[in-house]
$ cat start17.cif   # mmCIF, N, CA and C atoms
data_entry
#
loop_
_atom_site.label_atom_id
_atom_site.label_comp_id
_atom_site.auth_asym_id
_atom_site.auth_seq_id
_atom_site.Cartn_x
_atom_site.Cartn_y
_atom_site.Cartn_z
N GLN A 1 0.84 -1.20 0.00
CA GLN A 1 0.00 0.00 0.00
C GLN A 1 0.87 1.25 0.00
N VAL A 2 0.33 2.29 -0.56
CA VAL A 2 1.02 3.58 -0.63
C VAL A 2 0.07 4.66 -0.11
N GLN A 3 0.60 5.56 0.66
CA GLN A 3 -0.18 6.70 1.12
C GLN A 3 0.43 7.97 0.53
N LEU A 4 -0.43 8.88 0.14
CA LEU A 4 0.00 10.15 -0.45
C LEU A 4 -0.56 11.30 0.36
N ALA A 5 0.28 12.30 0.60
CA ALA A 5 -0.16 13.45 1.38
C ALA A 5 0.29 14.72 0.68
N GLU A 6 -0.69 15.53 0.27
CA GLU A 6 -0.37 16.81 -0.38
C GLU A 6 -0.26 17.91 0.66
N SER A 7 0.52 18.92 0.32
CA SER A 7 0.63 20.11 1.16
C SER A 7 1.04 21.28 0.28
N GLY A 8 0.93 22.49 0.84
CA GLY A 8 1.41 23.67 0.15
C GLY A 8 0.36 24.54 -0.49
N GLY A 9 -0.90 24.11 -0.43
CA GLY A 9 -1.94 24.93 -1.00
C GLY A 9 -2.19 26.18 -0.17
N GLY A 10 -3.01 27.08 -0.71
CA GLY A 10 -3.33 28.29 0.02
C GLY A 10 -4.02 29.31 -0.86
N LEU A 11 -4.14 30.51 -0.31
CA LEU A 11 -4.76 31.63 -1.01
C LEU A 11 -3.66 32.52 -1.57
N VAL A 12 -3.74 32.83 -2.85
CA VAL A 12 -2.71 33.63 -3.49
C VAL A 12 -3.37 34.55 -4.50
N GLN A 13 -2.76 35.70 -4.72
CA GLN A 13 -3.29 36.64 -5.70
C GLN A 13 -2.92 36.20 -7.11
N ALA A 14 -3.72 36.62 -8.05
CA ALA A 14 -3.43 36.33 -9.45
C ALA A 14 -2.02 36.81 -9.79
N GLY A 15 -1.31 35.99 -10.54
CA GLY A 15 0.06 36.29 -10.87
C GLY A 15 1.07 35.72 -9.90
N GLY A 16 0.58 35.24 -8.76
CA GLY A 16 1.46 34.70 -7.74
C GLY A 16 1.89 33.28 -8.02
N SER A 17 2.61 32.72 -7.04
CA SER A 17 3.16 31.37 -7.19
C SER A 17 2.97 30.58 -5.91
N LEU A 18 2.97 29.28 -6.07
CA LEU A 18 2.94 28.36 -4.94
C LEU A 18 3.78 27.14 -5.30
N ARG A 19 4.20 26.41 -4.28
CA ARG A 19 4.81 25.10 -4.52
C ARG A 19 4.04 24.06 -3.72
N LEU A 20 3.44 23.15 -4.42
CA LEU A 20 2.73 22.04 -3.80
C LEU A 20 3.66 20.85 -3.67
N SER A 21 3.47 20.10 -2.61
CA SER A 21 4.27 18.89 -2.38
C SER A 21 3.34 17.70 -2.25
N CYS A 22 3.85 16.55 -2.63
CA CYS A 22 3.13 15.29 -2.45
C CYS A 22 4.13 14.29 -1.91
N ALA A 23 3.96 13.93 -0.66
CA ALA A 23 4.85 12.97 -0.01
C ALA A 23 4.23 11.58 -0.06
N ALA A 24 5.00 10.63 -0.53
CA ALA A 24 4.54 9.25 -0.61
C ALA A 24 5.18 8.43 0.49
N SER A 25 4.41 7.53 1.05
CA SER A 25 4.93 6.62 2.06
C SER A 25 4.36 5.24 1.81
N GLY A 26 5.01 4.24 2.41
CA GLY A 26 4.58 2.87 2.20
C GLY A 26 5.47 2.19 1.18
N VAL A 27 4.88 1.36 0.34
CA VAL A 27 5.65 0.55 -0.61
C VAL A 27 5.91 1.37 -1.86
N THR A 28 6.73 2.39 -1.74
CA THR A 28 6.90 3.34 -2.83
C THR A 28 7.74 2.80 -3.98
N PHE A 29 8.54 1.74 -3.74
CA PHE A 29 9.38 1.25 -4.82
C PHE A 29 8.56 0.62 -5.94
N THR A 30 7.28 0.38 -5.66
CA THR A 30 6.41 -0.20 -6.69
C THR A 30 5.87 0.85 -7.66
N LEU A 31 6.14 2.11 -7.36
CA LEU A 31 5.55 3.18 -8.16
C LEU A 31 6.39 3.50 -9.38
N ASP A 32 5.74 3.72 -10.51
CA ASP A 32 6.47 4.11 -11.71
C ASP A 32 6.32 5.60 -12.01
N ALA A 33 5.16 6.15 -11.72
CA ALA A 33 4.93 7.55 -12.05
C ALA A 33 4.00 8.19 -11.03
N MET A 34 4.05 9.49 -10.98
CA MET A 34 3.14 10.25 -10.12
C MET A 34 2.57 11.40 -10.93
N GLY A 35 1.38 11.79 -10.58
CA GLY A 35 0.73 12.84 -11.34
C GLY A 35 -0.03 13.81 -10.47
N TRP A 36 -0.39 14.93 -11.06
CA TRP A 36 -1.23 15.93 -10.41
C TRP A 36 -2.51 16.09 -11.21
N PHE A 37 -3.59 16.16 -10.49
CA PHE A 37 -4.90 16.45 -11.06
C PHE A 37 -5.51 17.59 -10.25
N ARG A 38 -6.53 18.22 -10.80
CA ARG A 38 -7.23 19.24 -10.04
C ARG A 38 -8.72 19.17 -10.35
N GLN A 39 -9.48 19.67 -9.40
CA GLN A 39 -10.93 19.69 -9.58
C GLN A 39 -11.48 20.96 -8.98
N ALA A 40 -12.12 21.75 -9.83
CA ALA A 40 -12.76 22.98 -9.39
C ALA A 40 -14.22 22.67 -9.04
N PRO A 41 -14.82 23.47 -8.20
CA PRO A 41 -16.23 23.23 -7.82
C PRO A 41 -17.13 23.16 -9.04
N GLY A 42 -17.92 22.13 -9.12
CA GLY A 42 -18.87 21.98 -10.21
C GLY A 42 -18.26 21.50 -11.51
N LYS A 43 -16.97 21.19 -11.50
CA LYS A 43 -16.31 20.72 -12.71
C LYS A 43 -15.73 19.33 -12.52
N GLU A 44 -15.44 18.70 -13.62
CA GLU A 44 -14.83 17.39 -13.56
C GLU A 44 -13.35 17.52 -13.22
N ARG A 45 -12.83 16.44 -12.66
CA ARG A 45 -11.40 16.40 -12.38
C ARG A 45 -10.63 16.49 -13.69
N GLU A 46 -9.55 17.25 -13.69
CA GLU A 46 -8.75 17.36 -14.90
C GLU A 46 -7.27 17.09 -14.61
N PHE A 47 -6.63 16.55 -15.59
CA PHE A 47 -5.20 16.23 -15.50
C PHE A 47 -4.39 17.51 -15.56
N VAL A 48 -3.36 17.58 -14.72
CA VAL A 48 -2.45 18.73 -14.73
C VAL A 48 -1.10 18.33 -15.32
N GLY A 49 -0.51 17.29 -14.80
CA GLY A 49 0.78 16.85 -15.29
C GLY A 49 1.23 15.60 -14.57
N ALA A 50 2.29 14.99 -15.08
CA ALA A 50 2.80 13.76 -14.50
C ALA A 50 4.31 13.70 -14.67
N ILE A 51 4.93 12.88 -13.84
CA ILE A 51 6.37 12.68 -13.91
C ILE A 51 6.66 11.21 -13.69
N ARG A 52 7.59 10.69 -14.49
CA ARG A 52 7.99 9.29 -14.32
C ARG A 52 9.13 9.25 -13.33
N ARG A 53 9.04 8.38 -12.35
CA ARG A 53 10.01 8.38 -11.26
C ARG A 53 11.40 7.97 -11.72
N ARG A 54 11.50 7.01 -12.62
CA ARG A 54 12.82 6.46 -12.96
C ARG A 54 13.67 7.43 -13.75
N ASP A 55 13.07 8.26 -14.61
CA ASP A 55 13.89 9.12 -15.47
C ASP A 55 13.51 10.60 -15.40
N GLY A 56 12.47 10.92 -14.64
CA GLY A 56 12.09 12.32 -14.48
C GLY A 56 11.40 12.94 -15.67
N ILE A 57 11.03 12.14 -16.65
CA ILE A 57 10.32 12.69 -17.81
C ILE A 57 8.96 13.20 -17.35
N THR A 58 8.60 14.38 -17.85
CA THR A 58 7.34 15.01 -17.47
C THR A 58 6.41 15.18 -18.66
N TYR A 59 5.17 15.37 -18.33
CA TYR A 59 4.13 15.56 -19.35
C TYR A 59 3.08 16.47 -18.74
N TYR A 60 2.64 17.48 -19.50
CA TYR A 60 1.72 18.47 -18.95
C TYR A 60 0.47 18.63 -19.81
N ALA A 61 -0.58 19.05 -19.14
CA ALA A 61 -1.77 19.46 -19.87
C ALA A 61 -1.48 20.80 -20.55
N ASP A 62 -2.09 21.02 -21.69
CA ASP A 62 -1.86 22.25 -22.45
C ASP A 62 -2.19 23.49 -21.62
N ALA A 63 -3.19 23.39 -20.76
CA ALA A 63 -3.66 24.55 -20.00
C ALA A 63 -2.61 25.08 -19.03
N VAL A 64 -1.66 24.24 -18.66
CA VAL A 64 -0.68 24.66 -17.65
C VAL A 64 0.74 24.67 -18.18
N LYS A 65 0.92 24.21 -19.39
CA LYS A 65 2.26 24.12 -19.96
C LYS A 65 2.92 25.49 -19.96
N GLY A 66 4.15 25.54 -19.48
CA GLY A 66 4.87 26.79 -19.42
C GLY A 66 4.69 27.55 -18.12
N ARG A 67 3.66 27.23 -17.34
CA ARG A 67 3.43 27.89 -16.06
C ARG A 67 3.65 26.96 -14.88
N PHE A 68 3.41 25.69 -15.07
CA PHE A 68 3.55 24.72 -14.00
C PHE A 68 4.75 23.82 -14.28
N THR A 69 5.45 23.44 -13.23
CA THR A 69 6.60 22.56 -13.36
C THR A 69 6.54 21.47 -12.31
N ILE A 70 6.67 20.23 -12.76
CA ILE A 70 6.68 19.09 -11.85
C ILE A 70 8.11 18.59 -11.70
N SER A 71 8.47 18.28 -10.47
CA SER A 71 9.78 17.69 -10.20
C SER A 71 9.60 16.62 -9.13
N ARG A 72 10.66 15.85 -8.92
CA ARG A 72 10.57 14.84 -7.86
C ARG A 72 11.92 14.68 -7.19
N ASP A 73 11.83 14.23 -5.95
CA ASP A 73 13.02 13.89 -5.18
C ASP A 73 12.79 12.45 -4.71
N ASN A 74 13.36 11.52 -5.44
CA ASN A 74 13.10 10.11 -5.12
C ASN A 74 13.63 9.71 -3.75
N ALA A 75 14.71 10.34 -3.32
CA ALA A 75 15.26 10.03 -2.00
C ALA A 75 14.27 10.38 -0.89
N LYS A 76 13.46 11.40 -1.15
CA LYS A 76 12.47 11.83 -0.16
C LYS A 76 11.08 11.30 -0.50
N ASN A 77 10.97 10.55 -1.60
CA ASN A 77 9.66 10.06 -2.04
C ASN A 77 8.65 11.19 -2.14
N THR A 78 9.08 12.29 -2.70
CA THR A 78 8.24 13.47 -2.78
C THR A 78 8.22 14.02 -4.20
N MET A 79 7.04 14.44 -4.61
CA MET A 79 6.85 15.10 -5.90
C MET A 79 6.42 16.53 -5.62
N TYR A 80 6.83 17.42 -6.50
CA TYR A 80 6.50 18.84 -6.32
C TYR A 80 5.78 19.38 -7.55
N LEU A 81 4.98 20.39 -7.31
CA LEU A 81 4.33 21.11 -8.40
C LEU A 81 4.53 22.60 -8.15
N GLU A 82 5.39 23.20 -8.97
CA GLU A 82 5.58 24.64 -8.92
C GLU A 82 4.53 25.28 -9.81
N VAL A 83 3.73 26.16 -9.23
CA VAL A 83 2.68 26.79 -10.00
C VAL A 83 2.96 28.28 -10.03
N ASN A 84 3.15 28.80 -11.22
CA ASN A 84 3.50 30.20 -11.42
C ASN A 84 2.45 30.91 -12.25
N SER A 85 2.50 32.23 -12.21
CA SER A 85 1.56 33.06 -13.00
C SER A 85 0.13 32.57 -12.82
N LEU A 86 -0.24 32.38 -11.57
CA LEU A 86 -1.55 31.80 -11.27
C LEU A 86 -2.69 32.69 -11.73
N LYS A 87 -3.73 32.05 -12.18
CA LYS A 87 -4.93 32.73 -12.67
C LYS A 87 -6.12 32.29 -11.82
N PRO A 88 -7.15 33.11 -11.75
CA PRO A 88 -8.33 32.69 -10.97
C PRO A 88 -8.87 31.33 -11.42
N GLU A 89 -8.74 31.02 -12.69
CA GLU A 89 -9.25 29.74 -13.18
C GLU A 89 -8.40 28.55 -12.75
N ASP A 90 -7.28 28.81 -12.10
CA ASP A 90 -6.49 27.73 -11.52
C ASP A 90 -7.02 27.32 -10.15
N THR A 91 -7.98 28.05 -9.64
CA THR A 91 -8.57 27.72 -8.34
C THR A 91 -9.20 26.33 -8.39
N ALA A 92 -8.77 25.47 -7.48
CA ALA A 92 -9.24 24.09 -7.47
C ALA A 92 -8.61 23.37 -6.29
N THR A 93 -9.12 22.18 -6.05
CA THR A 93 -8.42 21.27 -5.15
C THR A 93 -7.46 20.46 -6.00
N TYR A 94 -6.22 20.44 -5.58
CA TYR A 94 -5.18 19.74 -6.33
C TYR A 94 -4.88 18.41 -5.64
N TYR A 95 -4.92 17.37 -6.44
CA TYR A 95 -4.70 16.02 -5.94
C TYR A 95 -3.45 15.43 -6.57
N CYS A 96 -2.68 14.69 -5.77
CA CYS A 96 -1.62 13.91 -6.38
C CYS A 96 -2.06 12.46 -6.45
N ALA A 97 -1.46 11.77 -7.38
CA ALA A 97 -1.80 10.37 -7.61
C ALA A 97 -0.54 9.62 -7.97
N ALA A 98 -0.55 8.32 -7.74
CA ALA A 98 0.61 7.49 -8.02
C ALA A 98 0.19 6.25 -8.80
N ALA A 99 1.03 5.89 -9.76
CA ALA A 99 0.73 4.76 -10.62
C ALA A 99 1.80 3.69 -10.50
N ARG A 100 1.38 2.43 -10.45
CA ARG A 100 2.34 1.33 -10.42
C ARG A 100 2.78 0.93 -11.83
N ALA A 101 1.92 1.12 -12.78
CA ALA A 101 2.20 0.63 -14.13
C ALA A 101 3.12 1.57 -14.88
N TYR A 102 3.97 0.97 -15.74
CA TYR A 102 4.82 1.73 -16.64
C TYR A 102 4.11 1.87 -17.98
N TYR A 103 4.05 3.09 -18.50
CA TYR A 103 3.51 3.34 -19.84
C TYR A 103 4.59 4.05 -20.64
N SER A 104 4.92 3.52 -21.78
CA SER A 104 5.96 4.14 -22.61
C SER A 104 5.52 5.51 -23.11
N LEU A 105 4.22 5.67 -23.33
CA LEU A 105 3.69 6.96 -23.74
C LEU A 105 3.28 7.75 -22.51
N MET A 106 3.92 8.88 -22.30
CA MET A 106 3.58 9.68 -21.12
C MET A 106 2.14 10.15 -21.15
N SER A 107 1.58 10.28 -22.32
CA SER A 107 0.20 10.73 -22.42
C SER A 107 -0.77 9.76 -21.75
N SER A 108 -0.33 8.54 -21.53
CA SER A 108 -1.19 7.57 -20.84
C SER A 108 -1.47 7.98 -19.41
N TYR A 109 -0.60 8.79 -18.85
CA TYR A 109 -0.79 9.22 -17.48
C TYR A 109 -1.81 10.35 -17.35
N ARG A 110 -2.44 10.72 -18.44
CA ARG A 110 -3.53 11.70 -18.40
C ARG A 110 -4.76 11.12 -17.72
N PHE A 111 -4.86 9.84 -17.74
CA PHE A 111 -6.12 9.20 -17.36
C PHE A 111 -6.08 8.75 -15.91
N GLY A 112 -7.04 9.21 -15.15
CA GLY A 112 -7.08 8.88 -13.74
C GLY A 112 -7.17 7.40 -13.47
N ASN A 113 -7.77 6.66 -14.38
CA ASN A 113 -7.90 5.22 -14.18
C ASN A 113 -6.56 4.50 -14.19
N ASN A 114 -5.51 5.15 -14.68
CA ASN A 114 -4.20 4.52 -14.72
C ASN A 114 -3.41 4.71 -13.42
N TYR A 115 -4.05 5.35 -12.45
CA TYR A 115 -3.40 5.55 -11.15
C TYR A 115 -4.02 4.64 -10.10
N ASN A 116 -3.18 4.23 -9.16
CA ASN A 116 -3.62 3.28 -8.15
C ASN A 116 -3.89 3.93 -6.78
N TYR A 117 -3.24 5.07 -6.55
CA TYR A 117 -3.36 5.70 -5.24
C TYR A 117 -3.60 7.19 -5.41
N TRP A 118 -4.36 7.76 -4.47
CA TRP A 118 -4.70 9.17 -4.52
C TRP A 118 -4.54 9.79 -3.14
N GLY A 119 -4.16 11.06 -3.15
CA GLY A 119 -4.11 11.81 -1.91
C GLY A 119 -5.44 12.47 -1.62
N GLN A 120 -5.50 13.18 -0.51
CA GLN A 120 -6.73 13.83 -0.08
C GLN A 120 -6.95 15.19 -0.70
N GLY A 121 -5.91 15.76 -1.26
CA GLY A 121 -6.03 17.03 -1.94
C GLY A 121 -5.60 18.22 -1.11
N THR A 122 -5.20 19.27 -1.78
CA THR A 122 -4.86 20.54 -1.13
C THR A 122 -5.49 21.66 -1.94
N GLN A 123 -6.09 22.61 -1.25
CA GLN A 123 -6.86 23.66 -1.92
C GLN A 123 -5.95 24.80 -2.36
N VAL A 124 -6.13 25.21 -3.60
CA VAL A 124 -5.46 26.39 -4.13
C VAL A 124 -6.55 27.37 -4.55
N THR A 125 -6.50 28.56 -3.99
CA THR A 125 -7.47 29.59 -4.33
C THR A 125 -6.72 30.81 -4.84
N VAL A 126 -7.08 31.26 -6.01
CA VAL A 126 -6.43 32.40 -6.64
C VAL A 126 -7.42 33.55 -6.72
N SER A 127 -7.09 34.64 -6.07
CA SER A 127 -7.97 35.80 -6.09
C SER A 127 -7.57 36.75 -7.21
N SER A 128 -8.56 37.42 -7.75
CA SER A 128 -8.30 38.32 -8.88
C SER A 128 -8.03 39.73 -8.39
#
$ encode --input "start17.cif" --output "structure tokens"
Amino acid sequence: QVQLAESGGGLVQAGGSLRLSCAASGVTFTLDAMGWFRQAPGKEREFVGAIRRRDGITYYADAVKGRFTISRDNAKNTMYLEVNSLKPEDTATYYCAAARAYYSLMSSYRFGNNYNYWGQGTQVTVSS
């Protein structure tokens, strides 16, 4: 089993930045990739980005490309999401997820069904 815990959310003005963290614990050596998703009130969950643990390759949704950066520290079993140039439409609960399966195509990590574990989420609110 793997447990995921997000942190770092908060209230920030438009144009500001935050760094979200996702700490994994448990049987983490079974994980191949980790991802970030978000869900705004009244909207469906959407993919933000993902990172493969073994090589650090990343993949982002078009909506955040160039503004968000995912990184990982395997020694700490932690994934990070740097969010810059925040917009009010970035307001959402941000969830991290972890996948055991390896997919050669990073785009496969867009799909929530390909993840095995989920965190509880951290709220990001961007004021205009």
$ resolve_selection --input "start17.cif" --expression "the PyMOL selection byres ((chain A and resi 11) around 8)" --output "VMD selection string"
chain A and resid 8 to 10 12 to 14 123 to 127
$ write_last_selection --input "start17.cif" --atoms "N, CA and C atoms" --output "PDB file, keeping the file's coordinate frame"
ATOM      1  N   GLY A   8       0.930  22.490   0.840  1.00  0.00           N
ATOM      2  CA  GLY A   8       1.410  23.670   0.150  1.00  0.00           C
ATOM      3  C   GLY A   8       0.360  24.540  -0.490  1.00  0.00           C
ATOM      4  N   GLY A   9      -0.900  24.110  -0.430  1.00  0.00           N
ATOM      5  CA  GLY A   9      -1.940  24.930  -1.000  1.00  0.00           C
ATOM      6  C   GLY A   9      -2.190  26.180  -0.170  1.00  0.00           C
ATOM      7  N   GLY A  10      -3.010  27.080  -0.710  1.00  0.00           N
ATOM      8  CA  GLY A  10      -3.330  28.290   0.020  1.00  0.00           C
ATOM      9  C   GLY A  10      -4.020  29.310  -0.860  1.00  0.00           C
ATOM     10  N   VAL A  12      -3.740  32.830  -2.850  1.00  0.00           N
ATOM     11  CA  VAL A  12      -2.710  33.630  -3.490  1.00  0.00           C
ATOM     12  C   VAL A  12      -3.370  34.550  -4.500  1.00  0.00           C
ATOM     13  N   GLN A  13      -2.760  35.700  -4.720  1.00  0.00           N
ATOM     14  CA  GLN A  13      -3.290  36.640  -5.700  1.00  0.00           C
ATOM     15  C   GLN A  13      -2.920  36.200  -7.110  1.00  0.00           C
ATOM     16  N   ALA A  14      -3.720  36.620  -8.050  1.00  0.00           N
ATOM     17  CA  ALA A  14      -3.430  36.330  -9.450  1.00  0.00           C
ATOM     18  C   ALA A  14      -2.020  36.810  -9.790  1.00  0.00           C
ATOM     19  N   GLN A 123      -6.090  22.610  -1.250  1.00  0.00           N
ATOM     20  CA  GLN A 123      -6.860  23.660  -1.920  1.00  0.00           C
ATOM     21  C   GLN A 123      -5.950  24.800  -2.360  1.00  0.00           C
ATOM     22  N   VAL A 124      -6.130  25.210  -3.600  1.00  0.00           N
ATOM     23  CA  VAL A 124      -5.460  26.390  -4.130  1.00  0.00           C
ATOM     24  C   VAL A 124      -6.550  27.370  -4.550  1.00  0.00           C
ATOM     25  N   THR A 125      -6.500  28.560  -3.990  1.00  0.00           N
ATOM     26  CA  THR A 125      -7.470  29.590  -4.330  1.00  0.00           C
ATOM     27  C   THR A 125      -6.720  30.810  -4.840  1.00  0.00           C
ATOM     28  N   VAL A 126      -7.080  31.260  -6.010  1.00  0.00           N
ATOM     29  CA  VAL A 126      -6.430  32.400  -6.640  1.00  0.00           C
ATOM     30  C   VAL A 126      -7.420  33.550  -6.720  1.00  0.00           C
ATOM     31  N   SER A 127      -7.090  34.640  -6.070  1.00  0.00           N
ATOM     32  CA  SER A 127      -7.970  35.800  -6.090  1.00  0.00           C
ATOM     33  C   SER A 127      -7.570  36.750  -7.210  1.00  0.00           C
TER      34      SER A 127
END
$ residues_around --input "start17.cif" --residues "A:Asn114" --least-positions-apart "5" --cutoff "7 Å" --atoms "all atoms listed in the file" --output "JSON, numbers by chain"
{"A": [98, 99, 100, 101, 108, 109]}
$ atom_distance --input "start17.cif" --atom1 "atom CA of A:Gly119" --atom2 "atom N of A:Arg53"
17.1 Å
$ atom_distance --input "start17.cif" --atom1 "atom C of A:Leu86" --atom2 "atom N of A:Asn113"
26.7 Å
$ closest_residue --input "start17.cif" --among "A:Ala50, A:Gly15, A:Asp62, A:Glu89" --to "A:Phe37" --atoms "only N, CA and C atoms"
A:Ala50
$ atom_distance --input "start17.cif" --atom1 "atom C of A:Trp36" --atom2 "atom CA of A:Ile70"
9.7 Å
$ closest_residue --input "start17.cif" --among "A:Ser128, A:Pro41, A:Tyr59, A:Ser107" --to "A:Lys87" --atoms "all atoms listed in the file"
A:Ser128
$ residues_around --input "start17.cif" --residues "A:Phe47" --least-positions-apart "5" --cutoff "8 Å" --atoms "only N, CA and C atoms" --output "JSON, numbers by chain"
{"A": [35, 36, 37, 38, 39, 60, 61, 62, 63, 64, 109, 110, 111, 112]}
$ closest_residue --input "start17.cif" --among "A:Gly121, A:Pro88, A:Gly42, A:Gly26" --to "A:Gln3" --atoms "only C-alpha atoms"
A:Gly26
$ build_atoms --input "start17.cif" --residues "stretch 23-34 of chain A" --atoms "N, CA, C and O atoms" --output "short mmCIF file (atom, residue, chain, number, x, y, z; two decimals), in the frame of the given file"
data_model
loop_
_atom_site.label_atom_id
_atom_site.label_comp_id
_atom_site.auth_asym_id
_atom_site.auth_seq_id
_atom_site.Cartn_x
_atom_site.Cartn_y
_atom_site.Cartn_z
N ALA A 23 3.96 13.93 -0.66
CA ALA A 23 4.85 12.97 -0.01
C ALA A 23 4.23 11.58 -0.06
O ALA A 23 3.07 11.41 0.35
N ALA A 24 5.00 10.63 -0.53
CA ALA A 24 4.54 9.25 -0.61
C ALA A 24 5.18 8.43 0.49
O ALA A 24 6.35 8.62 0.81
N SER A 25 4.41 7.53 1.05
CA SER A 25 4.93 6.62 2.06
C SER A 25 4.36 5.24 1.81
O SER A 25 3.36 5.08 1.12
N GLY A 26 5.01 4.24 2.41
CA GLY A 26 4.58 2.87 2.20
C GLY A 26 5.47 2.19 1.18
O GLY A 26 6.68 2.43 1.13
N VAL A 27 4.88 1.36 0.34
CA VAL A 27 5.65 0.55 -0.61
C VAL A 27 5.91 1.37 -1.86
O VAL A 27 5.40 1.07 -2.95
N THR A 28 6.73 2.39 -1.74
CA THR A 28 6.90 3.34 -2.83
C THR A 28 7.74 2.80 -3.98
O THR A 28 7.67 3.32 -5.09
N PHE A 29 8.54 1.74 -3.74
CA PHE A 29 9.38 1.25 -4.82
C PHE A 29 8.56 0.62 -5.94
O PHE A 29 9.04 0.40 -7.04
N THR A 30 7.28 0.38 -5.66
CA THR A 30 6.41 -0.20 -6.69
C THR A 30 5.87 0.85 -7.66
O THR A 30 5.24 0.51 -8.64
N LEU A 31 6.14 2.11 -7.36
CA LEU A 31 5.55 3.18 -8.16
C LEU A 31 6.39 3.50 -9.38
O LEU A 31 7.62 3.59 -9.29
N ASP A 32 5.74 3.72 -10.51
CA ASP A 32 6.47 4.11 -11.71
C ASP A 32 6.32 5.60 -12.01
O ASP A 32 7.24 6.22 -12.50
N ALA A 33 5.16 6.15 -11.72
CA ALA A 33 4.93 7.55 -12.05
C ALA A 33 4.00 8.19 -11.03
O ALA A 33 3.27 7.50 -10.31
N MET A 34 4.05 9.49 -10.98
CA MET A 34 3.14 10.25 -10.12
C MET A 34 2.57 11.40 -10.93
O MET A 34 3.21 11.90 -11.87
#
